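structure_29.csv follows; it contains CSV, N, CA, C and O atoms.
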chain,number,residue,atom,x,y,z
A,5,PRO,N,0.8,-1.2,0.0
A,5,PRO,CA,0.0,0.0,0.0
A,5,PRO,C,0.9,1.3,0.0
A,5,PRO,O,1.9,1.3,0.7
A,6,PHE,N,0.5,2.2,-0.8
A,6,PHE,CA,1.3,3.5,-0.8
A,6,PHE,C,0.5,4.6,-0.2
A,6,PHE,O,1.1,5.7,0.0
A,7,ASP,N,-0.8,4.4,0.1
A,7,ASP,CA,-1.6,5.5,0.7
A,7,ASP,C,-2.8,4.9,1.3
A,7,ASP,O,-3.2,3.7,1.0
A,8,LYS,N,-3.4,5.6,2.2
A,8,LYS,CA,-4.7,5.1,2.8
A,8,LYS,C,-5.8,6.1,2.4
A,8,LYS,O,-5.7,7.3,2.7
A,9,VAL,N,-6.8,5.6,1.7
A,9,VAL,CA,-7.9,6.4,1.2
A,9,VAL,C,-9.1,5.7,1.6
A,9,VAL,O,-9.3,4.5,1.5
A,10,ARG,N,-10.1,6.5,2.1
A,10,ARG,CA,-11.4,5.9,2.6
A,10,ARG,C,-12.4,6.1,1.5
A,10,ARG,O,-12.5,7.2,0.9
A,11,GLY,N,-13.1,5.1,1.2
A,11,GLY,CA,-14.3,5.1,0.3
A,11,GLY,C,-13.9,4.7,-1.1
A,11,GLY,O,-12.8,5.1,-1.6
A,12,MET,N,-14.8,4.0,-1.8
A,12,MET,CA,-14.5,3.5,-3.1
A,12,MET,C,-14.4,4.6,-4.1
A,12,MET,O,-13.7,4.6,-5.1
A,13,LYS,N,-15.2,5.7,-3.9
A,13,LYS,CA,-15.2,6.8,-4.8
A,13,LYS,C,-13.9,7.6,-4.9
A,13,LYS,O,-13.6,8.3,-5.8
A,14,ARG,N,-13.1,7.4,-3.8
A,14,ARG,CA,-11.8,8.1,-3.7
A,14,ARG,C,-10.6,7.2,-4.1
A,14,ARG,O,-9.5,7.7,-4.4
A,15,CYS,N,-10.8,5.9,-4.0
A,15,CYS,CA,-9.7,4.9,-4.2
A,15,CYS,C,-9.1,5.0,-5.6
A,15,CYS,O,-7.9,5.2,-5.7
A,16,LEU,N,-9.9,4.7,-6.6
A,16,LEU,CA,-9.3,4.6,-8.0
A,16,LEU,C,-8.8,6.0,-8.4
A,16,LEU,O,-7.8,6.0,-9.1
A,17,PRO,N,-9.5,7.1,-8.2
A,17,PRO,CA,-9.0,8.4,-8.6
A,17,PRO,C,-7.6,8.6,-7.9
A,17,PRO,O,-6.7,9.2,-8.6
A,18,ARG,N,-7.4,8.1,-6.7
A,18,ARG,CA,-6.1,8.3,-6.1
A,18,ARG,C,-5.0,7.5,-6.8
A,18,ARG,O,-3.9,7.9,-7.0
A,19,ILE,N,-5.4,6.3,-7.2
A,19,ILE,CA,-4.4,5.4,-7.9
A,19,ILE,C,-4.1,6.1,-9.3
A,19,ILE,O,-2.9,6.2,-9.7
A,20,ILE,N,-5.1,6.6,-10.0
A,20,ILE,CA,-4.8,7.3,-11.2
A,20,ILE,C,-3.9,8.5,-11.0
A,20,ILE,O,-3.0,8.8,-11.8
A,21,GLU,N,-4.2,9.3,-10.0
A,21,GLU,CA,-3.4,10.5,-9.7
A,21,GLU,C,-1.9,10.1,-9.4
A,21,GLU,O,-1.0,10.7,-9.9
A,22,TYR,N,-1.7,9.0,-8.7
A,22,TYR,CA,-0.4,8.5,-8.4
A,22,TYR,C,0.3,8.1,-9.7
A,22,TYR,O,1.5,8.5,-9.9
A,23,ILE,N,-0.3,7.4,-10.6
A,23,ILE,CA,0.3,7.0,-11.8
A,23,ILE,C,0.7,8.2,-12.7
A,23,ILE,O,1.8,8.2,-13.2
A,24,LYS,N,-0.2,9.2,-12.7
A,24,LYS,CA,0.1,10.4,-13.4
A,24,LYS,C,1.3,11.2,-12.8
A,24,LYS,O,2.2,11.7,-13.5
A,25,GLU,N,1.3,11.3,-11.4
A,25,GLU,CA,2.4,12.0,-10.7
A,25,GLU,C,3.7,11.3,-11.0
A,25,GLU,O,4.7,12.0,-11.2
A,26,LYS,N,3.8,10.0,-11.1
A,26,LYS,CA,5.0,9.3,-11.3
A,26,LYS,C,5.4,9.1,-12.8
A,26,LYS,O,6.4,8.5,-13.1
A,27,ASN,N,4.5,9.6,-13.6
A,27,ASN,CA,4.7,9.4,-15.1
A,27,ASN,C,5.0,8.0,-15.5
A,27,ASN,O,5.8,7.7,-16.3
A,28,ILE,N,4.1,7.1,-15.0
A,28,ILE,CA,4.2,5.7,-15.3
A,28,ILE,C,3.5,5.5,-16.7
A,28,ILE,O,2.4,5.9,-16.9
A,29,ASP,N,4.2,4.8,-17.6
A,29,ASP,CA,3.7,4.6,-18.9
A,29,ASP,C,2.8,3.4,-19.0
A,29,ASP,O,3.2,2.3,-19.1
A,30,ILE,N,1.5,3.7,-18.8
A,30,ILE,CA,0.5,2.7,-18.9
A,30,ILE,C,0.1,2.4,-20.3
A,30,ILE,O,-0.4,1.3,-20.6
A,31,LYS,N,0.3,3.3,-21.2
A,31,LYS,CA,-0.2,3.2,-22.6
A,31,LYS,C,0.5,2.0,-23.3
A,31,LYS,O,-0.1,1.5,-24.3
A,32,ASN,N,1.6,1.6,-22.8
A,32,ASN,CA,2.3,0.5,-23.5
A,32,ASN,C,2.3,-0.8,-22.6
A,32,ASN,O,3.1,-1.7,-22.8
A,33,GLN,N,1.4,-0.8,-21.7
A,33,GLN,CA,1.4,-2.0,-20.7
A,33,GLN,C,0.1,-2.8,-20.9
A,33,GLN,O,-1.0,-2.3,-21.2
A,34,LEU,N,0.3,-4.1,-20.5
A,34,LEU,CA,-0.8,-5.0,-20.3
A,34,LEU,C,-1.1,-4.8,-18.8
A,34,LEU,O,-0.3,-5.0,-18.0
A,35,CYS,N,-2.3,-4.4,-18.5
A,35,CYS,CA,-2.8,-4.1,-17.2
A,35,CYS,C,-3.9,-5.1,-16.8
A,35,CYS,O,-4.5,-5.7,-17.7
A,36,GLY,N,-4.2,-5.2,-15.5
A,36,GLY,CA,-5.3,-6.0,-15.1
A,36,GLY,C,-6.2,-5.3,-14.2
A,36,GLY,O,-5.8,-4.3,-13.5
A,37,PHE,N,-7.5,-5.6,-14.2
A,37,PHE,CA,-8.5,-5.1,-13.3
A,37,PHE,C,-9.3,-6.3,-12.8
A,37,PHE,O,-9.8,-7.0,-13.5
A,38,SER,N,-9.4,-6.4,-11.5
A,38,SER,CA,-10.1,-7.5,-10.8
A,38,SER,C,-11.2,-6.9,-9.9
A,38,SER,O,-10.9,-5.9,-9.3
A,39,TYR,N,-12.3,-7.5,-9.8
A,39,TYR,CA,-13.4,-7.0,-9.0
A,39,TYR,C,-14.0,-8.2,-8.2
A,39,TYR,O,-14.0,-9.3,-8.7
A,40,ALA,N,-14.5,-7.9,-7.1
A,40,ALA,CA,-15.3,-8.9,-6.3
A,40,ALA,C,-16.7,-8.4,-6.2
A,40,ALA,O,-17.0,-7.3,-5.7
A,41,GLY,N,-17.6,-9.1,-6.8
A,41,GLY,CA,-19.0,-8.7,-6.8
A,41,GLY,C,-19.6,-8.7,-8.2
A,41,GLY,O,-19.3,-9.5,-9.1
A,42,ASN,N,-20.3,-7.6,-8.5
A,42,ASN,CA,-21.1,-7.5,-9.7
A,42,ASN,C,-20.3,-6.7,-10.8
A,42,ASN,O,-19.8,-5.6,-10.4
A,43,ILE,N,-20.2,-7.2,-12.0
A,43,ILE,CA,-19.5,-6.4,-13.0
A,43,ILE,C,-20.1,-5.1,-13.3
A,43,ILE,O,-19.4,-4.1,-13.6
A,44,ASN,N,-21.4,-5.0,-13.2
A,44,ASN,CA,-22.1,-3.7,-13.4
A,44,ASN,C,-21.6,-2.6,-12.5
A,44,ASN,O,-21.5,-1.4,-12.8
A,45,ASP,N,-21.2,-3.0,-11.2
A,45,ASP,CA,-20.7,-2.0,-10.3
A,45,ASP,C,-19.3,-1.6,-10.6
A,45,ASP,O,-18.8,-0.5,-10.3
A,46,ALA,N,-18.6,-2.5,-11.3
A,46,ALA,CA,-17.2,-2.3,-11.6
A,46,ALA,C,-17.0,-1.5,-12.9
A,46,ALA,O,-15.9,-0.9,-13.2
A,47,LYS,N,-18.0,-1.5,-13.8
A,47,LYS,CA,-17.9,-0.8,-15.1
A,47,LYS,C,-17.5,0.6,-15.0
A,47,LYS,O,-16.8,1.1,-15.9
A,48,GLU,N,-18.0,1.4,-14.0
A,48,GLU,CA,-17.6,2.8,-13.9
A,48,GLU,C,-16.1,2.9,-13.7
A,48,GLU,O,-15.5,3.8,-14.3
A,49,TYR,N,-15.5,2.0,-13.0
A,49,TYR,CA,-14.1,2.1,-12.7
A,49,TYR,C,-13.3,1.6,-13.9
A,49,TYR,O,-12.2,2.2,-14.2
A,50,ILE,N,-13.8,0.7,-14.6
A,50,ILE,CA,-13.2,0.2,-15.9
A,50,ILE,C,-13.1,1.3,-16.9
A,50,ILE,O,-12.1,1.6,-17.5
A,51,ASP,N,-14.3,2.0,-17.0
A,51,ASP,CA,-14.3,3.2,-17.9
A,51,ASP,C,-13.4,4.3,-17.5
A,51,ASP,O,-12.7,4.9,-18.4
A,52,MET,N,-13.3,4.5,-16.2
A,52,MET,CA,-12.3,5.5,-15.7
A,52,MET,C,-10.9,5.2,-16.0
A,52,MET,O,-10.1,6.1,-16.5
A,53,ILE,N,-10.5,3.9,-15.9
A,53,ILE,CA,-9.1,3.5,-16.2
A,53,ILE,C,-8.9,3.7,-17.7
A,53,ILE,O,-7.9,4.3,-18.1
A,54,ASN,N,-9.8,3.3,-18.6
A,54,ASN,CA,-9.6,3.4,-20.0
A,54,ASN,C,-9.6,4.9,-20.4
A,54,ASN,O,-8.8,5.2,-21.3
A,55,ASP,N,-10.5,5.7,-19.9
A,55,ASP,CA,-10.5,7.1,-20.3
A,55,ASP,C,-9.3,7.9,-19.8
A,55,ASP,O,-8.7,8.7,-20.5
A,56,GLU,N,-8.9,7.7,-18.5
A,56,GLU,CA,-7.8,8.5,-17.9
A,56,GLU,C,-6.4,8.0,-18.3
A,56,GLU,O,-5.5,8.7,-18.4
A,57,LEU,N,-6.2,6.6,-18.4
A,57,LEU,CA,-4.9,6.1,-18.5
A,57,LEU,C,-4.7,5.4,-19.9
A,57,LEU,O,-3.5,5.3,-20.3
A,58,ASN,N,-5.7,5.0,-20.5
A,58,ASN,CA,-5.7,4.4,-21.8
A,58,ASN,C,-4.6,3.3,-21.9
A,58,ASN,O,-3.6,3.4,-22.7
A,59,PRO,N,-4.7,2.2,-21.1
A,59,PRO,CA,-3.7,1.1,-21.2
A,59,PRO,C,-3.7,0.4,-22.6
A,59,PRO,O,-4.8,0.4,-23.2
A,60,LYS,N,-2.6,-0.2,-22.9
A,60,LYS,CA,-2.5,-0.9,-24.2
A,60,LYS,C,-3.5,-2.0,-24.2
A,60,LYS,O,-4.2,-2.2,-25.2
A,61,GLU,N,-3.7,-2.8,-23.1
A,61,GLU,CA,-4.7,-3.8,-23.0
A,61,GLU,C,-5.0,-3.9,-21.5
A,61,GLU,O,-4.2,-3.8,-20.6
A,62,LEU,N,-6.3,-4.1,-21.2
A,62,LEU,CA,-6.8,-4.2,-19.9
A,62,LEU,C,-7.6,-5.5,-19.8
A,62,LEU,O,-8.6,-5.7,-20.4
A,63,ILE,N,-7.0,-6.4,-19.0
A,63,ILE,CA,-7.6,-7.7,-18.8
A,63,ILE,C,-8.5,-7.6,-17.5
A,63,ILE,O,-8.1,-7.2,-16.5
A,64,ILE,N,-9.8,-8.0,-17.7
A,64,ILE,CA,-10.7,-7.9,-16.6
A,64,ILE,C,-11.1,-9.2,-16.1
A,64,ILE,O,-11.5,-10.1,-16.9
A,65,THR,N,-11.0,-9.4,-14.8
A,65,THR,CA,-11.3,-10.7,-14.2
A,65,THR,C,-12.1,-10.5,-12.9
A,65,THR,O,-12.0,-9.5,-12.2
A,66,GLN,N,-12.8,-11.5,-12.5
A,66,GLN,CA,-13.5,-11.5,-11.3
A,66,GLN,C,-12.7,-12.2,-10.2
A,66,GLN,O,-12.0,-13.2,-10.5
A,67,ILE,N,-12.6,-11.6,-9.0
A,67,ILE,CA,-11.8,-12.2,-7.9
A,67,ILE,C,-12.5,-13.5,-7.5
A,67,ILE,O,-13.7,-13.5,-7.3
A,68,GLY,N,-11.8,-14.5,-7.4
A,68,GLY,CA,-12.3,-15.8,-7.0
A,68,GLY,C,-12.7,-15.9,-5.6
A,68,GLY,O,-12.5,-15.1,-4.8
A,69,SER,N,-13.3,-17.1,-5.3
A,69,SER,CA,-13.9,-17.3,-3.9
A,69,SER,C,-12.9,-17.3,-2.8
A,69,SER,O,-13.2,-16.9,-1.7
A,70,VAL,N,-11.7,-17.9,-3.1
A,70,VAL,CA,-10.7,-18.0,-2.0
A,70,VAL,C,-10.2,-16.6,-1.6
A,70,VAL,O,-10.3,-16.2,-0.4
A,71,ILE,N,-9.8,-15.8,-2.6
A,71,ILE,CA,-9.3,-14.4,-2.2
A,71,ILE,C,-10.5,-13.6,-1.8
A,71,ILE,O,-10.4,-12.8,-0.9
A,72,GLY,N,-11.7,-13.8,-2.5
A,72,GLY,CA,-12.9,-13.0,-2.1
A,72,GLY,C,-13.3,-13.2,-0.7
A,72,GLY,O,-13.9,-12.3,-0.1
A,73,THR,N,-13.0,-14.4,-0.1
A,73,THR,CA,-13.3,-14.6,1.3
A,73,THR,C,-12.6,-13.6,2.2
A,73,THR,O,-13.1,-13.2,3.2
A,74,TYR,N,-11.4,-13.3,1.8
A,74,TYR,CA,-10.5,-12.4,2.7
A,74,TYR,C,-10.7,-11.0,2.4
A,74,TYR,O,-10.6,-10.1,3.3
A,75,VAL,N,-11.0,-10.6,1.1
A,75,VAL,CA,-11.1,-9.2,0.8
A,75,VAL,C,-12.6,-8.6,0.8
A,75,VAL,O,-12.8,-7.5,1.0
A,76,GLY,N,-13.5,-9.5,0.6
A,76,GLY,CA,-14.9,-9.1,0.7
A,76,GLY,C,-15.5,-8.5,-0.6
A,76,GLY,O,-14.8,-8.2,-1.5
A,77,PRO,N,-16.8,-8.4,-0.6
A,77,PRO,CA,-17.5,-7.9,-1.8
A,77,PRO,C,-17.2,-6.4,-2.0
A,77,PRO,O,-17.0,-5.7,-1.1
A,78,GLY,N,-17.2,-6.0,-3.3
A,78,GLY,CA,-16.9,-4.6,-3.6
A,78,GLY,C,-15.4,-4.3,-3.8
A,78,GLY,O,-15.1,-3.2,-4.1
A,79,THR,N,-14.5,-5.3,-3.5
A,79,THR,CA,-13.1,-5.1,-3.7
A,79,THR,C,-12.8,-4.9,-5.1
A,79,THR,O,-13.3,-5.5,-6.0
A,80,LEU,N,-11.9,-3.9,-5.4
A,80,LEU,CA,-11.3,-3.7,-6.8
A,80,LEU,C,-9.8,-3.7,-6.7
A,80,LEU,O,-9.2,-3.3,-5.7
A,81,ALA,N,-9.2,-4.2,-7.8
A,81,ALA,CA,-7.8,-4.2,-7.8
A,81,ALA,C,-7.4,-3.8,-9.3
A,81,ALA,O,-7.9,-4.2,-10.2
A,82,PHE,N,-6.4,-2.9,-9.3
A,82,PHE,CA,-5.8,-2.4,-10.6
A,82,PHE,C,-4.4,-2.8,-10.6
A,82,PHE,O,-3.6,-2.4,-9.7
A,83,ILE,N,-4.0,-3.6,-11.6
A,83,ILE,CA,-2.6,-4.2,-11.6
A,83,ILE,C,-1.8,-3.6,-12.8
A,83,ILE,O,-2.3,-3.5,-13.9
A,84,PHE,N,-0.6,-3.0,-12.4
A,84,PHE,CA,0.2,-2.5,-13.4
A,84,PHE,C,1.7,-2.6,-13.0
A,84,PHE,O,1.9,-2.9,-11.8
A,85,PHE,N,2.6,-2.3,-13.9
A,85,PHE,CA,4.0,-2.4,-13.5
A,85,PHE,C,4.6,-1.0,-13.3
A,85,PHE,O,4.3,-0.1,-14.1
A,86,GLU,N,5.3,-0.8,-12.3
A,86,GLU,CA,6.0,0.4,-12.0
A,86,GLU,C,7.5,0.1,-12.1
A,86,GLU,O,8.0,-0.7,-11.3
A,87,GLU,N,8.2,0.8,-12.9
A,87,GLU,CA,9.6,0.5,-13.1
A,87,GLU,C,10.5,1.2,-12.1
A,87,GLU,O,10.2,2.1,-11.5
Could I get this structure in the form of structure tokens?
Amino acid sequence: PFDKVRGMKRCLPRIIEYIKEKNIDIKNQLCGFSYAGNINDAKEYIDMINDELNPKELIITQIGSVIGTYVGPGTLAFIFFEE
């Protein structure tokens, strides 16, 4: 973890802000997005990633039951490489 942010509405915008601050090149990366719960709830965040960061490719997966047991419903994860 690089920061503590409360609330889902603040979480992903903070990650996007961090990526922009650090000038991380997402446009040439294969990135991942995982969600626990309903895909319809996650679509807003998927659109935000595509609009703001425009990754080369974004693989979208649902968090499985084993990890989901520990993180809970509503969890979102954005995976990228930082050099």
**Study point:** Nearest residue to Asp55 of chain A from the set A:Val70, A:Leu80, A:Ile28, A:Ile20 (distances using only C-alpha atoms)
**Key:**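 Using only C-alpha atoms, the shortest distance to Asp55 of chain A belongs to A:Ile20.
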Check your understanding: Contacts of segment 34-45 of chain A at 8 Å or less, counting all atoms listed in the file, minus same-chain residues fewer than 2 places along, as a PyMOL selection string?
Key -> chain A and resi 29-32+47-50+59-68+72+75-85
Prev. selection, N, CA, C and O atoms, output as a CSV table (one decimal), keeping the file's coordinate frame:
chain,number,residue,atom,x,y,z
A,29,ASP,N,4.2,4.8,-17.6
A,29,ASP,CA,3.7,4.6,-18.9
A,29,ASP,C,2.8,3.4,-19.0
A,29,ASP,O,3.2,2.3,-19.1
A,30,ILE,N,1.5,3.7,-18.8
A,30,ILE,CA,0.5,2.7,-18.9
A,30,ILE,C,0.1,2.4,-20.3
A,30,ILE,O,-0.4,1.3,-20.6
A,31,LYS,N,0.3,3.3,-21.2
A,31,LYS,CA,-0.2,3.2,-22.6
A,31,LYS,C,0.5,2.0,-23.3
A,31,LYS,O,-0.1,1.5,-24.3
A,32,ASN,N,1.6,1.6,-22.8
A,32,ASN,CA,2.3,0.5,-23.5
A,32,ASN,C,2.3,-0.8,-22.6
A,32,ASN,O,3.1,-1.7,-22.8
A,47,LYS,N,-18.0,-1.5,-13.8
A,47,LYS,CA,-17.9,-0.8,-15.1
A,47,LYS,C,-17.5,0.6,-15.0
A,47,LYS,O,-16.8,1.1,-15.9
A,48,GLU,N,-18.0,1.4,-14.0
A,48,GLU,CA,-17.6,2.8,-13.9
A,48,GLU,C,-16.1,2.9,-13.7
A,48,GLU,O,-15.5,3.8,-14.3
A,49,TYR,N,-15.5,2.0,-13.0
A,49,TYR,CA,-14.1,2.1,-12.7
A,49,TYR,C,-13.3,1.6,-13.9
A,49,TYR,O,-12.2,2.2,-14.2
A,50,ILE,N,-13.8,0.7,-14.6
A,50,ILE,CA,-13.2,0.2,-15.9
A,50,ILE,C,-13.1,1.3,-16.9
A,50,ILE,O,-12.1,1.6,-17.5
A,59,PRO,N,-4.7,2.2,-21.1
A,59,PRO,CA,-3.7,1.1,-21.2
A,59,PRO,C,-3.7,0.4,-22.6
A,59,PRO,O,-4.8,0.4,-23.2
A,60,LYS,N,-2.6,-0.2,-22.9
A,60,LYS,CA,-2.5,-0.9,-24.2
A,60,LYS,C,-3.5,-2.0,-24.2
A,60,LYS,O,-4.2,-2.2,-25.2
A,61,GLU,N,-3.7,-2.8,-23.1
A,61,GLU,CA,-4.7,-3.8,-23.0
A,61,GLU,C,-5.0,-3.9,-21.5
A,61,GLU,O,-4.2,-3.8,-20.6
A,62,LEU,N,-6.3,-4.1,-21.2
A,62,LEU,CA,-6.8,-4.2,-19.9
A,62,LEU,C,-7.6,-5.5,-19.8
A,62,LEU,O,-8.6,-5.7,-20.4
A,63,ILE,N,-7.0,-6.4,-19.0
A,63,ILE,CA,-7.6,-7.7,-18.8
A,63,ILE,C,-8.5,-7.6,-17.5
A,63,ILE,O,-8.1,-7.2,-16.5
A,64,ILE,N,-9.8,-8.0,-17.7
A,64,ILE,CA,-10.7,-7.9,-16.6
A,64,ILE,C,-11.1,-9.2,-16.1
A,64,ILE,O,-11.5,-10.1,-16.9
A,65,THR,N,-11.0,-9.4,-14.8
A,65,THR,CA,-11.3,-10.7,-14.2
A,65,THR,C,-12.1,-10.5,-12.9
A,65,THR,O,-12.0,-9.5,-12.2
A,66,GLN,N,-12.8,-11.5,-12.5
A,66,GLN,CA,-13.5,-11.5,-11.3
A,66,GLN,C,-12.7,-12.2,-10.2
A,66,GLN,O,-12.0,-13.2,-10.5
A,67,ILE,N,-12.6,-11.6,-9.0
A,67,ILE,CA,-11.8,-12.2,-7.9
A,67,ILE,C,-12.5,-13.5,-7.5
A,67,ILE,O,-13.7,-13.5,-7.3
A,68,GLY,N,-11.8,-14.5,-7.4
A,68,GLY,CA,-12.3,-15.8,-7.0
A,68,GLY,C,-12.7,-15.9,-5.6
A,68,GLY,O,-12.5,-15.1,-4.8
A,72,GLY,N,-11.7,-13.8,-2.5
A,72,GLY,CA,-12.9,-13.0,-2.1
A,72,GLY,C,-13.3,-13.2,-0.7
A,72,GLY,O,-13.9,-12.3,-0.1
A,75,VAL,N,-11.0,-10.6,1.1
A,75,VAL,CA,-11.1,-9.2,0.8
A,75,VAL,C,-12.6,-8.6,0.8
A,75,VAL,O,-12.8,-7.5,1.0
A,76,GLY,N,-13.5,-9.5,0.6
A,76,GLY,CA,-14.9,-9.1,0.7
A,76,GLY,C,-15.5,-8.5,-0.6
A,76,GLY,O,-14.8,-8.2,-1.5
A,77,PRO,N,-16.8,-8.4,-0.6
A,77,PRO,CA,-17.5,-7.9,-1.8
A,77,PRO,C,-17.2,-6.4,-2.0
A,77,PRO,O,-17.0,-5.7,-1.1
A,78,GLY,N,-17.2,-6.0,-3.3
A,78,GLY,CA,-16.9,-4.6,-3.6
A,78,GLY,C,-15.4,-4.3,-3.8
A,78,GLY,O,-15.1,-3.2,-4.1
A,79,THR,N,-14.5,-5.3,-3.5
A,79,THR,CA,-13.1,-5.1,-3.7
A,79,THR,C,-12.8,-4.9,-5.1
A,79,THR,O,-13.3,-5.5,-6.0
A,80,LEU,N,-11.9,-3.9,-5.4
A,80,LEU,CA,-11.3,-3.7,-6.8
A,80,LEU,C,-9.8,-3.7,-6.7
A,80,LEU,O,-9.2,-3.3,-5.7
A,81,ALA,N,-9.2,-4.2,-7.8
A,81,ALA,CA,-7.8,-4.2,-7.8
A,81,ALA,C,-7.4,-3.8,-9.3
A,81,ALA,O,-7.9,-4.2,-10.2
A,82,PHE,N,-6.4,-2.9,-9.3
A,82,PHE,CA,-5.8,-2.4,-10.6
A,82,PHE,C,-4.4,-2.8,-10.6
A,82,PHE,O,-3.6,-2.4,-9.7
A,83,ILE,N,-4.0,-3.6,-11.6
A,83,ILE,CA,-2.6,-4.2,-11.6
A,83,ILE,C,-1.8,-3.6,-12.8
A,83,ILE,O,-2.3,-3.5,-13.9
A,84,PHE,N,-0.6,-3.0,-12.4
A,84,PHE,CA,0.2,-2.5,-13.4
A,84,PHE,C,1.7,-2.6,-13.0
A,84,PHE,O,1.9,-2.9,-11.8
A,85,PHE,N,2.6,-2.3,-13.9
A,85,PHE,CA,4.0,-2.4,-13.5
A,85,PHE,C,4.6,-1.0,-13.3
A,85,PHE,O,4.3,-0.1,-14.1
Practice item. Quote the spacing between atom N of Phe6 of chain A and atom C of Met52 of chain A in Å to one decimal place. Key: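 Atom-to-atom, atom N of Phe6 of chain A and atom C of Met52 of chain A are spaced 19.2 Å apart.
For the pair atom CA of Asp7 of chain A and atom O of Tyr22 of chain A, the interatomic distance is 11.4 Å.
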Practice item. Find the residue from A:Asp51, A:Ser69, A:Cys15, A:Leu57 that sits nearest to Gln33 of chain A; use all atoms listed in the file when measuring. Key: A:Leu57
Exercise for review: Please identify which residues in chain A DSSP calls alpha helix (DSSP H) from the backbone, and express them as a ChimeraX atom specification.
Suggested key: /A:12-25,43-56,69-75
Practice item. Please indicate the distance in Å from atom C of Lys26 of chain A to atom N of Asn58 of chain A, rounded to one decimal place. Key: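 Separating atom C of Lys26 of chain A from atom N of Asn58 of chain A is a distance of 14.1 Å.
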Show me that you can extract segment 76-81 of chain A, keeping all heavy atoms, and write it as a compact mmCIF listing (two decimals), in the first residue's frame.
# COMPACT_ATOMS: atom_id res chain seq x y z
N GLY A 76 -13.54 -9.48 0.61
CA GLY A 76 -14.93 -9.08 0.71
C GLY A 76 -15.51 -8.51 -0.57
O GLY A 76 -14.78 -8.17 -1.50
N PRO A 77 -16.83 -8.41 -0.61
CA PRO A 77 -17.51 -7.89 -1.80
C PRO A 77 -17.19 -6.41 -2.01
O PRO A 77 -16.98 -5.67 -1.05
CB PRO A 77 -18.99 -8.10 -1.50
CG PRO A 77 -19.07 -8.21 -0.03
CD PRO A 77 -17.76 -8.77 0.44
N GLY A 78 -17.15 -6.03 -3.27
CA GLY A 78 -16.88 -4.62 -3.59
C GLY A 78 -15.41 -4.31 -3.77
O GLY A 78 -15.05 -3.18 -4.10
N THR A 79 -14.54 -5.29 -3.54
CA THR A 79 -13.10 -5.06 -3.68
C THR A 79 -12.75 -4.87 -5.15
O THR A 79 -13.28 -5.55 -6.02
CB THR A 79 -12.30 -6.25 -3.12
OG1 THR A 79 -12.58 -6.35 -1.72
CG2 THR A 79 -10.82 -6.08 -3.33
N LEU A 80 -11.86 -3.92 -5.41
CA LEU A 80 -11.35 -3.67 -6.75
C LEU A 80 -9.83 -3.70 -6.70
O LEU A 80 -9.23 -3.27 -5.71
CB LEU A 80 -11.78 -2.29 -7.25
CG LEU A 80 -13.27 -2.02 -7.30
CD1 LEU A 80 -13.52 -0.57 -7.68
CD2 LEU A 80 -13.95 -2.94 -8.28
N ALA A 81 -9.22 -4.19 -7.76
CA ALA A 81 -7.76 -4.21 -7.85
C ALA A 81 -7.35 -3.77 -9.25
O ALA A 81 -7.91 -4.25 -10.23
CB ALA A 81 -7.22 -5.60 -7.56
